$ cat protein_24.cif   # mmCIF, C-alpha atoms
data_target
#
loop_
_atom_site.label_atom_id
_atom_site.label_comp_id
_atom_site.auth_asym_id
_atom_site.auth_seq_id
_atom_site.Cartn_x
_atom_site.Cartn_y
_atom_site.Cartn_z
CA MET M 1 144.58 66.40 99.44
CA THR M 2 141.53 68.41 98.41
CA GLU M 3 141.31 70.38 95.18
CA GLN M 4 141.38 73.61 97.18
CA ASP M 5 144.59 72.43 98.87
CA MET M 6 146.14 71.86 95.44
CA TRP M 7 145.35 75.42 94.37
CA LEU M 8 146.78 76.68 97.64
CA TRP M 9 149.91 74.64 97.04
CA LEU M 10 150.17 76.07 93.50
CA SER M 11 150.13 79.61 94.90
CA MET M 12 152.80 78.66 97.45
CA ALA M 13 154.97 76.91 94.87
CA PHE M 14 155.07 79.74 92.32
CA GLY M 15 154.12 82.82 94.30
CA PRO M 16 150.70 84.52 94.53
CA ALA M 17 151.06 87.00 91.65
CA ASN M 18 153.46 84.99 89.47
CA PRO M 19 151.90 84.23 86.03
CA ARG M 20 154.28 81.26 85.59
CA LYS M 21 151.81 79.06 87.42
CA TRP M 22 149.28 79.42 84.62
CA ASN M 23 151.87 78.50 81.97
CA ILE M 24 152.67 75.33 83.88
CA LEU M 25 149.01 74.54 84.49
CA GLU M 26 148.25 74.97 80.78
CA HIS M 27 150.87 72.31 80.05
CA PHE M 28 148.66 69.88 81.97
CA GLY M 29 145.51 70.90 80.14
CA GLY M 30 144.32 72.98 83.07
CA SER M 31 144.11 69.96 85.39
CA ILE M 32 145.18 71.06 88.86
CA SER M 33 145.42 67.45 90.09
CA ASP M 34 147.71 66.37 87.22
CA CYS M 35 149.79 69.50 87.73
CA TYR M 36 150.15 68.89 91.46
CA GLU M 37 151.01 65.20 91.16
CA THR M 38 153.67 65.76 88.53
CA VAL M 39 155.23 69.05 89.63
CA SER M 40 155.30 68.33 93.37
CA SER M 41 157.14 65.08 92.70
CA GLY M 42 159.75 66.83 90.53
CA GLY M 43 158.60 65.24 87.29
CA CYS M 44 158.03 68.39 85.24
CA GLU M 45 160.84 69.38 82.86
CA ARG M 46 159.35 72.83 82.13
CA LEU M 47 160.35 74.26 85.50
CA LEU M 48 162.92 77.06 85.63
CA PRO M 49 165.69 76.85 88.27
CA GLN M 50 163.91 79.36 90.49
CA ASP M 51 160.68 77.38 90.06
CA LYS M 52 162.35 74.22 91.33
CA ASN M 53 163.52 75.95 94.50
CA SER M 54 160.11 77.38 95.34
CA VAL M 55 158.34 74.12 94.48
CA ALA M 56 160.67 72.22 96.81
CA ASP M 57 159.95 74.76 99.53
CA ALA M 58 156.15 74.29 99.27
CA THR M 59 156.03 71.33 101.64
CA PRO M 60 152.87 69.66 103.01
CA GLU M 61 153.89 70.85 106.47
CA LYS M 62 153.96 74.50 105.35
CA LEU M 63 150.64 74.04 103.60
CA GLU M 64 149.03 72.76 106.79
CA ALA M 65 150.63 75.56 108.83
CA LEU M 66 149.19 78.15 106.42
CA LYS M 67 145.72 76.64 106.70
CA LYS M 68 145.91 76.63 110.50
CA THR M 69 146.97 80.30 110.51
CA CYS M 70 143.97 81.20 108.37
CA GLU M 71 141.61 79.17 110.55
CA LYS M 72 142.98 80.72 113.74
CA HIS M 73 142.39 84.28 112.50
CA GLY M 74 139.09 83.71 110.73
CA ILE M 75 140.55 84.11 107.24
CA LYS M 76 138.63 82.13 104.62
CA ILE M 77 140.11 80.61 101.47
CA CYS M 78 138.55 80.63 98.00
CA ALA M 79 140.32 78.68 95.24
CA TYR M 80 140.02 79.35 91.51
CA SER M 81 137.77 76.31 90.99
CA ASP M 82 135.50 77.02 93.97
CA PRO M 83 131.90 77.99 93.06
CA ASP M 84 132.11 81.32 94.94
CA TYR M 85 135.24 82.50 93.09
CA PRO M 86 134.29 85.82 91.34
CA GLU M 87 133.45 85.19 87.69
CA ASN M 88 134.77 88.59 86.56
CA LEU M 89 138.16 87.75 88.02
CA LYS M 90 138.40 84.53 86.00
CA GLU M 91 138.36 86.61 82.80
CA ILE M 92 141.62 88.48 83.43
CA TYR M 93 145.21 87.61 82.61
CA ASN M 94 146.94 85.94 85.56
CA PRO M 95 144.02 85.72 87.99
CA PRO M 96 144.82 84.78 91.59
CA ALA M 97 144.93 81.00 92.10
CA VAL M 98 143.61 81.58 95.62
CA LEU M 99 141.86 84.45 97.38
CA PHE M 100 142.10 84.93 101.13
CA TYR M 101 139.19 86.88 102.57
CA THR M 102 137.14 87.92 105.55
CA GLY M 103 133.46 88.75 105.27
CA ASP M 104 131.13 87.63 102.49
CA ILE M 105 132.73 87.26 99.08
CA SER M 106 129.39 86.57 97.39
CA CYS M 107 128.87 90.33 97.01
CA LEU M 108 131.37 90.16 94.14
CA SER M 109 129.09 87.84 92.20
CA GLY M 110 125.60 88.89 93.26
CA SER M 111 125.72 92.54 92.16
CA LEU M 112 127.31 95.04 89.81
CA VAL M 113 130.79 95.89 91.14
CA ILE M 114 132.37 99.28 90.46
CA THR M 115 135.91 100.07 91.59
CA VAL M 116 136.50 103.61 92.87
CA VAL M 117 140.09 104.78 93.35
CA GLY M 118 142.02 108.03 93.65
CA THR M 119 144.72 110.00 95.38
CA ARG M 120 145.60 109.59 99.05
CA LYS M 121 145.24 113.36 99.47
CA PRO M 122 142.01 114.33 97.71
CA SER M 123 141.01 117.97 97.47
CA GLU M 124 137.87 119.23 99.20
CA TYR M 125 136.18 119.15 95.79
CA SER M 126 137.16 115.51 95.24
CA VAL M 127 136.03 114.53 98.73
CA GLY M 128 132.57 115.95 98.07
CA VAL M 129 132.31 114.29 94.66
CA CYS M 130 133.50 110.93 95.98
CA LYS M 131 130.98 110.96 98.81
CA SER M 132 128.10 111.88 96.50
CA LEU M 133 129.07 109.40 93.80
CA CYS M 134 129.64 106.39 96.08
CA THR M 135 126.52 107.14 98.10
CA GLY M 136 124.40 107.21 94.94
CA LEU M 137 125.93 104.02 93.56
CA ALA M 138 125.61 102.15 96.85
CA LYS M 139 121.97 103.14 97.29
CA SER M 140 121.31 101.76 93.79
CA GLY M 141 122.70 98.36 94.77
CA VAL M 142 126.22 98.72 93.36
CA CYS M 143 129.03 97.08 95.33
CA ILE M 144 131.90 99.57 95.72
CA ALA M 145 135.43 98.14 95.54
CA SER M 146 138.58 100.04 96.46
CA GLY M 147 142.12 99.59 97.72
CA PHE M 148 141.74 100.31 101.46
CA ALA M 149 144.38 103.07 101.38
CA VAL M 150 143.90 106.37 103.20
CA GLY M 151 142.27 109.17 101.24
CA SER M 152 139.99 108.40 98.31
CA ASP M 153 139.93 104.64 98.93
CA SER M 154 138.84 104.89 102.56
CA LEU M 155 136.30 107.55 101.64
CA SER M 156 134.81 105.23 98.99
CA HIS M 157 134.45 102.35 101.47
CA ARG M 158 133.01 104.62 104.15
CA SER M 159 130.48 106.30 101.84
CA ALA M 160 129.21 102.95 100.60
CA ILE M 161 128.71 101.63 104.12
CA LEU M 162 126.99 104.77 105.40
CA ALA M 163 124.62 104.53 102.43
CA GLY M 164 123.66 101.01 103.49
CA GLY M 165 125.49 99.32 100.63
CA ARG M 166 128.25 96.76 100.21
CA THR M 167 131.96 97.39 99.77
CA VAL M 168 135.05 95.27 99.10
CA ALA M 169 138.62 96.18 100.03
CA VAL M 170 141.51 94.61 98.08
CA LEU M 171 144.79 94.45 100.00
CA PRO M 172 148.37 94.62 98.63
CA CYS M 173 149.47 92.51 101.60
CA GLY M 174 148.28 89.75 103.89
CA HIS M 175 145.37 90.17 106.29
CA LEU M 176 147.60 90.03 109.36
CA HIS M 177 149.87 92.89 108.28
CA PRO M 178 148.61 96.25 109.66
CA TYR M 179 148.15 98.17 106.41
CA PRO M 180 147.58 101.04 106.49
CA LYS M 181 148.07 101.79 110.18
CA GLU M 182 145.54 104.61 109.95
CA ASN M 183 142.85 102.07 109.01
CA THR M 184 143.50 99.65 111.84
CA GLY M 185 140.11 98.25 112.82
CA ALA M 186 138.33 99.39 109.66
CA GLY M 187 138.86 96.01 108.00
CA GLU M 188 136.59 94.35 110.55
CA VAL M 189 133.85 96.88 109.86
CA ILE M 190 134.15 96.42 106.10
CA SER M 191 134.04 92.64 106.52
CA LYS M 192 130.66 92.96 108.25
CA ARG M 193 129.27 94.86 105.26
CA GLY M 194 131.17 93.22 102.42
CA ALA M 195 134.60 91.62 102.25
CA VAL M 196 138.33 92.24 102.58
CA ILE M 197 140.28 90.16 100.06
CA SER M 198 143.90 89.48 99.16
CA GLU M 199 145.87 87.02 97.08
CA TYR M 200 148.76 87.22 99.54
CA PHE M 201 149.49 84.93 102.48
CA PRO M 202 148.35 86.32 105.86
CA ASN M 203 151.71 87.65 107.08
CA PHE M 204 152.94 89.04 103.75
CA LYS M 205 154.22 92.63 103.91
CA PRO M 206 153.44 94.93 100.95
CA ASN M 207 156.04 96.15 98.47
CA HIS M 208 155.95 98.23 95.29
CA LEU M 209 155.30 95.14 93.14
CA SER M 210 152.43 93.91 95.31
CA PHE M 211 150.66 97.28 95.04
CA LYS M 212 150.72 97.04 91.25
CA ALA M 213 149.66 93.39 91.31
CA ARG M 214 146.78 94.35 93.63
CA ASN M 215 145.56 96.87 91.06
CA ARG M 216 144.88 94.17 88.46
CA ILE M 217 142.52 92.54 90.96
CA LEU M 218 140.82 95.86 91.72
CA SER M 219 139.91 96.29 88.07
CA GLY M 220 139.41 92.57 87.50
CA ILE M 221 136.60 92.12 90.03
CA SER M 222 134.64 95.05 88.62
CA SER M 223 132.70 96.01 85.52
CA GLY M 224 134.11 99.53 85.56
CA VAL M 225 136.65 101.75 87.30
CA VAL M 226 136.04 105.33 88.49
CA ILE M 227 139.08 107.59 88.90
CA ILE M 228 138.27 110.27 91.49
CA GLN M 229 141.47 112.33 91.33
CA ALA M 230 144.91 111.39 90.02
CA GLY M 231 148.08 113.30 89.33
CA ILE M 232 150.81 112.27 86.88
CA GLY M 233 152.29 108.96 88.03
CA SER M 234 149.41 108.19 90.40
CA GLY M 235 148.89 104.55 91.34
CA SER M 236 145.27 104.95 90.30
CA LEU M 237 146.44 105.16 86.69
CA SER M 238 147.90 101.67 87.08
CA THR M 239 144.41 100.42 87.94
CA ALA M 240 143.03 102.28 84.91
CA SER M 241 145.68 100.70 82.69
CA PHE M 242 144.73 97.21 83.88
CA ALA M 243 141.07 98.08 83.35
CA VAL M 244 141.70 99.03 79.72
CA SER M 245 143.59 95.79 79.03
CA GLN M 246 140.82 93.79 80.73
CA GLY M 247 138.06 95.48 78.73
CA ARG M 248 136.51 97.25 81.71
CA ASP M 249 134.73 100.60 81.56
CA ILE M 250 136.66 103.71 82.58
CA PHE M 251 135.00 106.68 84.29
CA CYS M 252 136.71 109.93 85.30
CA ILE M 253 135.69 112.85 87.48
CA PRO M 254 136.17 116.11 85.51
CA PRO M 255 139.18 118.07 86.84
CA HIS M 256 138.37 120.87 89.26
CA ASP M 257 141.18 123.17 88.11
CA ILE M 258 143.15 122.46 84.92
CA LEU M 259 145.41 125.50 85.56
CA ASP M 260 146.65 124.40 88.98
CA PRO M 261 150.49 124.39 88.71
CA LYS M 262 150.66 121.34 90.99
CA GLN M 263 148.55 119.43 88.43
CA PRO M 264 146.68 117.27 90.97
CA TYR M 265 144.17 116.23 88.30
CA ALA M 266 146.47 115.88 85.28
CA GLY M 267 146.56 112.09 85.45
CA VAL M 268 143.05 111.79 84.01
CA TYR M 269 143.56 114.09 81.01
CA ASP M 270 144.71 111.35 78.63
CA LEU M 271 142.00 108.97 79.87
CA ILE M 272 139.31 111.51 79.03
CA ARG M 273 140.92 112.27 75.67
CA SER M 274 140.90 108.54 74.91
CA GLY M 275 137.17 108.22 75.49
CA ALA M 276 136.69 107.59 79.19
CA VAL M 277 133.24 108.56 80.45
CA THR M 278 133.16 111.90 82.25
CA VAL M 279 131.13 111.43 85.43
CA PHE M 280 128.98 114.17 86.95
CA SER M 281 126.83 111.94 89.15
CA ALA M 282 126.09 108.30 89.93
CA ALA M 283 123.59 108.29 87.06
CA ASP M 284 126.43 108.66 84.55
CA VAL M 285 127.86 105.37 85.79
CA LEU M 286 124.53 103.56 86.11
CA GLN M 287 123.39 104.37 82.59
CA ALA M 288 126.42 102.53 81.23
CA TYR M 289 124.70 99.32 82.41
CA PRO M 290 121.16 99.49 80.96
CA ALA M 291 120.39 95.81 81.56
CA VAL M 292 120.93 96.30 85.29
CA PHE M 293 119.65 99.84 85.73
CA PRO M 294 117.10 100.50 82.95
CA ASN M 295 115.52 103.50 84.69
CA SER M 296 118.81 105.38 84.75
CA LEU M 297 118.64 105.87 80.96
CA PRO M 298 117.35 109.02 79.25
CA ALA M 299 113.71 109.10 78.13
CA LYS M 300 114.29 107.52 74.71
CA GLY M 301 116.45 104.81 76.10
CA LYS M 302 119.60 105.97 74.32
CA LEU M 303 122.81 107.15 75.89
CA PRO M 304 124.05 110.68 75.18
CA ARG M 305 126.79 110.90 72.58
CA LYS M 306 130.27 110.17 73.93
CA GLN M 307 128.80 109.03 77.23
CA ARG M 308 130.35 105.61 76.92
CA SER M 309 133.75 104.37 77.96
CA LEU M 310 136.51 102.63 76.02
CA LYS M 311 134.31 99.55 75.57
CA LYS M 312 131.89 99.46 72.65
CA ALA M 313 128.33 100.41 73.56
CA PRO M 314 125.59 97.74 73.31
CA ALA M 315 123.54 97.72 70.13
CA GLU M 316 120.22 97.85 72.01
CA ASN M 317 119.38 100.31 74.79
CA GLU M 318 115.59 100.07 74.67
CA ARG M 319 114.73 99.24 78.24
CA ALA M 320 113.87 102.65 79.62
CA GLY M 321 110.61 102.66 81.52
CA VAL M 322 110.94 99.09 82.72
CA GLU M 323 110.12 98.56 86.38
CA GLU M 324 112.93 99.53 88.72
CA PRO M 325 115.08 96.48 89.50
CA LYS M 326 114.98 95.33 93.11
CA ARG M 327 118.13 95.49 95.18
CA PRO M 328 119.66 91.99 95.36
CA ALA M 329 118.93 90.22 98.64
CA ASN M 330 122.58 90.25 99.70
CA LEU M 331 122.62 94.06 99.48
CA VAL M 332 120.05 94.66 102.21
CA PRO M 333 121.89 97.18 104.40
CA SER M 334 123.25 96.12 107.76
CA PRO M 335 121.99 98.21 110.69
CA ILE M 336 124.10 101.17 111.80
CA VAL M 337 125.74 100.47 115.14
CA PRO M 338 123.64 102.03 117.96
CA PRO M 339 125.54 104.21 120.47
CA GLU M 340 124.55 101.96 123.39
CA GLU M 341 126.71 99.20 121.90
CA LEU M 342 129.85 101.34 122.01
CA GLY M 343 132.56 100.87 124.59
CA GLY M 344 136.08 101.98 125.48
CA LYS M 345 137.69 104.74 123.47
CA LYS M 346 134.92 104.80 120.85
CA LEU M 347 132.37 105.60 123.54
CA GLU M 348 134.63 108.35 124.94
CA ILE M 349 134.88 109.99 121.51
CA PHE M 350 131.13 109.73 120.97
CA ASN M 351 130.32 111.24 124.36
CA TYR M 352 132.84 114.05 123.89
CA LEU M 353 131.28 115.06 120.55
CA LYS M 354 127.80 114.73 122.04
CA GLU M 355 128.75 117.19 124.77
CA HIS M 356 130.89 119.65 122.78
CA GLY M 357 129.36 119.48 119.29
CA GLU M 358 131.46 120.04 116.16
CA THR M 359 135.10 119.71 117.23
CA HIS M 360 138.54 119.96 115.63
CA LEU M 361 140.60 116.76 115.74
CA ASP M 362 143.34 118.45 117.76
CA GLN M 363 140.79 119.64 120.32
CA LEU M 364 139.38 116.12 120.54
CA ALA M 365 142.88 114.77 121.15
CA VAL M 366 143.30 117.12 124.11
CA GLY M 367 140.06 115.90 125.59
CA VAL M 368 140.24 112.18 124.80
CA GLY M 369 143.67 110.99 123.67
CA ASP M 370 146.60 111.10 121.23
CA VAL M 371 145.75 111.99 117.60
CA PHE M 372 147.46 108.93 116.15
CA GLU M 373 145.70 106.68 118.66
CA LEU M 374 142.34 108.24 117.82
CA GLU M 375 142.49 107.93 114.02
CA ALA M 376 141.62 104.24 113.95
CA TYR M 377 138.67 104.70 116.33
CA ILE M 378 137.43 107.69 114.33
CA THR M 379 137.48 105.64 111.14
CA GLU M 380 135.47 102.87 112.83
CA LEU M 381 132.93 105.38 114.18
CA GLU M 382 132.55 106.85 110.68
CA LEU M 383 131.94 103.39 109.26
CA ASP M 384 129.48 102.71 112.08
CA GLY M 385 127.55 105.73 110.82
CA LEU M 386 127.84 107.71 114.05
CA ILE M 387 130.25 110.55 113.26
CA GLU M 388 131.28 112.53 110.18
CA LEU M 389 134.71 113.92 109.28
CA LEU M 390 134.39 117.43 107.84
CA PRO M 391 136.89 119.54 105.84
CA GLY M 392 139.63 121.00 108.01
CA ASN M 393 139.87 117.91 110.27
CA ARG M 394 136.66 118.75 112.11
CA LEU M 395 134.30 116.10 113.47
CA ARG M 396 130.64 115.99 114.43
CA LEU M 397 127.95 113.47 115.27
CA ILE M 398 125.62 112.47 112.44
#
$ encode --input "protein_24.cif" --output "structure tokens"
Amino acid sequence: MTEQDMWLWLSMAFGPANPRKWNILEHFGGSISDCYETVSSGGCERLLPQDKNSVADATPEKLEALKKTCEKHGIKICAYSDPDYPENLKEIYNPPAVLFYTGDISCLSGSLVITVVGTRKPSEYSVGVCKSLCTGLAKSGVCIASGFAVGSDSLSHRSAILAGGRTVAVLPCGHLHPYPKENTGAGEVISKRGAVISEYFPNFKPNHLSFKARNRILSGISSGVVIIQAGIGSGSLSTASFAVSQGRDIFCIPPHDILDPKQPYAGVYDLIRSGAVTVFSAADVLQAYPAVFPNSLPAKGKLPRKQRSLKKAPAENERAGVEEPKRPANLVPSPIVPPEELGGKKLEIFNYLKEHGETHLDQLAVGVGDVFELEAYITELELDGLIELLPGNRLRLI
């Protein structure tokens, strides 16, 4: 059995997000081989009753079946001890023992990673800010991470790709579960320009606990977290909470309307009061990382007062004026898909918009197909850089 197999077995035996595995592993001095040999044979007295049941259920046959499922569907496996496992993720409490992914996971190690999250129903103001911010960050070589949900998350991924940058989606479920249905097909596009990762086995269905567990990974893979828009009780605040405990930077978009009775922005108030950086453009994020982006600093090489997050600012910020850093090789943008490579329903949508110009989604549905059927294709065409979704559910060619 390979070392990667042992890590995979550990995740099967204790559950992907269960911190108990690390307590047991620590008992063996961090040796995965000693842990596997002793625990799998029933020789560890530190196991709880529920541990014993799950360990007994993690059979070699199930391990091989899991590997074959991954191989069949093109899902790659990265164990904690593998060289391409993201270094930032190793720093957090209860890191995943194994990551399942499609695409190129090296983008999490070869560039600055910023997580961008927010509400599933962003306002028109937040949509504009998110597009501008993620476009600016991506063009500067930042890898944008988000949670693949509809709304702010999808907008973050899409903006990064259209800007020629890299993006990473973190799932609260397995790769083979269609989450969310509106983004069916988008995962393949993201994988071509970054990666889609999960700690969960391929067929795992999401639940309320897996969404929260996913959020620790979202903050864990990044150097900082940007909150686009969040109301009281928003899931984005869970990501921010993990970020604080992990020592990551926190950035917040200033609320558009603090008097709105629905309080769609109220979730960020306490974060800003606690010292989170208020973001007005991509430059406000970039200047928090002077060693990576020296030319984003003010003329004297010092950050404006209070323009730092909950982490302590570096003692030296004297690198203004240094030559602009080159974009890492793995961030060279992939080409936008040319129209002549389209086929099927995507080609129908493209041709309809080419003939009729800016069109409402409902009007497009009358001409091409059912709205719910079209949403996935529209998302893919947006990520391909061929169409743009405008406020009011209107579409047009770029």
$ closest_residue --input "protein_24.cif" --among "M:Leu63, M:Ile24, M:Ala243, M:Ala13" --to "Cys44 (chain M)" --atoms "only C-alpha atoms"
M:Ile24
$ closest_residue --input "protein_24.cif" --among "M:Asp284, M:Glu64, M:Glu87, M:Glu341" --to "Ile253 (chain M)" --atoms "all atoms listed in the file"
M:Asp284
$ residues_around --input "protein_24.cif" --residues "Val189 (chain M)" --least-positions-apart "3" --cutoff "7 Å" --atoms "all atoms listed in the file" --output "NGL selection string"
:M and (186 or 192-193 or 380 or 383)
$ write_last_selection --input "protein_24.cif" --atoms "C-alpha atoms" --output "CSV table (one decimal), in the coordinates of the input"
chain,number,residue,atom,x,y,z
M,186,ALA,CA,138.3,99.4,109.7
M,192,LYS,CA,130.7,93.0,108.2
M,193,ARG,CA,129.3,94.9,105.3
M,380,GLU,CA,135.5,102.9,112.8
M,383,LEU,CA,131.9,103.4,109.3
$ closest_atom_pairs --input "protein_24.cif" --of "region 101-201 of chain M" --to "region 266-281 of chain M" --cutoff "12 Å" --atoms "only C-alpha atoms" --output "Markdown table"
| residue | atom | partner | partner_atom | distance |
| --- | --- | --- | --- | --- |
| M:Gly118 | CA | M:Gly267 | CA | 10.2 |
| M:Thr119 | CA | M:Gly267 | CA | 10.3 |
| M:Ser126 | CA | M:Phe280 | CA | 11.7 |
| M:Gly128 | CA | M:Ser281 | CA | 11.3 |
| M:Val129 | CA | M:Ser281 | CA | 8.1 |
| M:Cys130 | CA | M:Ser281 | CA | 9.6 |
| M:Lys131 | CA | M:Ser281 | CA | 10.6 |
| M:Ser132 | CA | M:Ser281 | CA | 7.5 |
| M:Leu133 | CA | M:Ser281 | CA | 5.8 |
| M:Cys134 | CA | M:Ser281 | CA | 9.3 |
| M:Thr135 | CA | M:Ser281 | CA | 10.2 |
| M:Gly136 | CA | M:Ser281 | CA | 7.9 |
| M:Leu137 | CA | M:Ser281 | CA | 9.1 |
$ atom_distance --input "protein_24.cif" --atom1 "CA of Glu61 (chain M)" --atom2 "CA of Pro172 (chain M)"
25.6 Å
$ resolve_selection --input "protein_24.cif" --expression "the PyMOL selection byres ((chain M and resi 148) around 9)" --output "list in words"
Ala145, Ser146, Gly147, Ala149, Val150, Gly151, Ser152, Asp153, Ser154, Ser156, His157, Val168, Ala169, Val170, Leu171, Tyr179, Pro180, Asn183, Ala186, Gly187 and Val196 of chain M
$ residues_near_point --input "protein_24.cif" --point "(136.5, 91.6, 81.7)" --cutoff "9 Å" --atoms "all atoms listed in the file" --output "CSV table (one decimal) with C-alpha atoms, in the frame of the given file"
chain,number,residue,atom,x,y,z
M,88,ASN,CA,134.8,88.6,86.6
M,89,LEU,CA,138.2,87.8,88.0
M,90,LYS,CA,138.4,84.5,86.0
M,91,GLU,CA,138.4,86.6,82.8
M,92,ILE,CA,141.6,88.5,83.4
M,219,SER,CA,139.9,96.3,88.1
M,220,GLY,CA,139.4,92.6,87.5
M,221,ILE,CA,136.6,92.1,90.0
M,222,SER,CA,134.6,95.0,88.6
M,223,SER,CA,132.7,96.0,85.5
M,243,ALA,CA,141.1,98.1,83.4
M,245,SER,CA,143.6,95.8,79.0
M,246,GLN,CA,140.8,93.8,80.7
M,247,GLY,CA,138.1,95.5,78.7
M,248,ARG,CA,136.5,97.2,81.7
$ resolve_selection --input "protein_24.cif" --expression "the PyMOL selection byres ((chain M and resi 34) around 12)" --output "list in words"
Glu3, Met6, Trp7, Leu10, Ile24, Leu25, Glu26, His27, Phe28, Gly29, Gly30, Ser31, Ile32, Ser33, Cys35, Tyr36, Glu37, Thr38, Val39, Ser40, Ser41, Gly43 and Cys44 of chain M
$ decode --input "protein_24.cif" --residues "region 105-171 of chain M" --atoms "C-alpha atoms" --output "compact mmCIF listing (two decimals), in the first residue's frame"
# COMPACT_ATOMS: atom_id res chain seq x y z
CA ILE M 105 -3.93 22.22 -8.16
CA SER M 106 -0.51 23.86 -8.50
CA CYS M 107 -2.23 27.25 -8.83
CA LEU M 108 -2.78 27.09 -5.06
CA SER M 109 0.96 27.05 -4.46
CA GLY M 110 2.38 29.07 -7.33
CA SER M 111 0.56 32.36 -6.71
CA LEU M 112 -1.14 34.54 -4.13
CA VAL M 113 -4.61 33.11 -3.43
CA ILE M 114 -7.47 35.36 -2.33
CA THR M 115 -10.87 33.91 -1.43
CA VAL M 116 -13.89 35.97 -2.52
CA VAL M 117 -17.30 35.07 -1.08
CA GLY M 118 -20.70 36.66 -0.61
CA THR M 119 -24.45 36.32 -0.78
CA ARG M 120 -26.25 34.15 -3.32
CA LYS M 121 -28.40 37.17 -4.23
CA PRO M 122 -26.02 40.11 -4.61
CA SER M 123 -27.39 43.56 -5.31
CA GLU M 124 -26.60 45.33 -8.58
CA TYR M 125 -24.04 47.38 -6.64
CA SER M 126 -22.35 44.24 -5.30
CA VAL M 127 -22.33 42.61 -8.73
CA GLY M 128 -20.48 45.58 -10.20
CA VAL M 129 -17.99 45.72 -7.33
CA CYS M 130 -17.34 41.97 -7.46
CA LYS M 131 -16.68 42.04 -11.19
CA SER M 132 -14.31 45.00 -10.92
CA LEU M 133 -12.46 43.63 -7.90
CA CYS M 134 -11.96 40.07 -9.20
CA THR M 135 -11.00 41.32 -12.65
CA GLY M 136 -8.32 43.58 -11.17
CA LEU M 137 -6.96 40.87 -8.88
CA ALA M 138 -6.90 38.23 -11.61
CA LYS M 139 -5.10 40.52 -14.05
CA SER M 140 -2.46 41.10 -11.36
CA GLY M 141 -1.79 37.36 -11.09
CA VAL M 142 -3.94 36.59 -8.04
CA CYS M 143 -5.70 33.23 -8.00
CA ILE M 144 -9.36 33.74 -7.00
CA ALA M 145 -10.92 31.05 -4.80
CA SER M 146 -14.62 30.76 -4.04
CA GLY M 147 -17.34 28.28 -3.12
CA PHE M 148 -18.95 27.58 -6.52
CA ALA M 149 -22.42 28.60 -5.29
CA VAL M 150 -24.75 30.74 -7.39
CA GLY M 151 -24.51 34.48 -6.91
CA SER M 152 -21.31 36.07 -5.64
CA ASP M 153 -19.27 32.85 -5.82
CA SER M 154 -20.06 32.13 -9.46
CA LEU M 155 -19.50 35.78 -10.34
CA SER M 156 -16.05 35.64 -8.71
CA HIS M 157 -15.04 32.54 -10.69
CA ARG M 158 -16.42 33.96 -13.92
CA SER M 159 -14.74 37.36 -13.54
CA ALA M 160 -11.37 35.76 -12.87
CA ILE M 161 -11.60 33.56 -15.95
CA LEU M 162 -12.76 36.36 -18.25
CA ALA M 163 -9.79 38.41 -17.04
CA GLY M 164 -7.43 35.62 -18.11
CA GLY M 165 -6.61 34.56 -14.56
CA ARG M 166 -6.86 31.41 -12.47
CA THR M 167 -9.67 30.39 -10.14
CA VAL M 168 -10.33 27.54 -7.70
CA ALA M 169 -13.75 26.26 -6.62
CA VAL M 170 -14.09 24.46 -3.28
CA LEU M 171 -17.04 22.07 -3.08
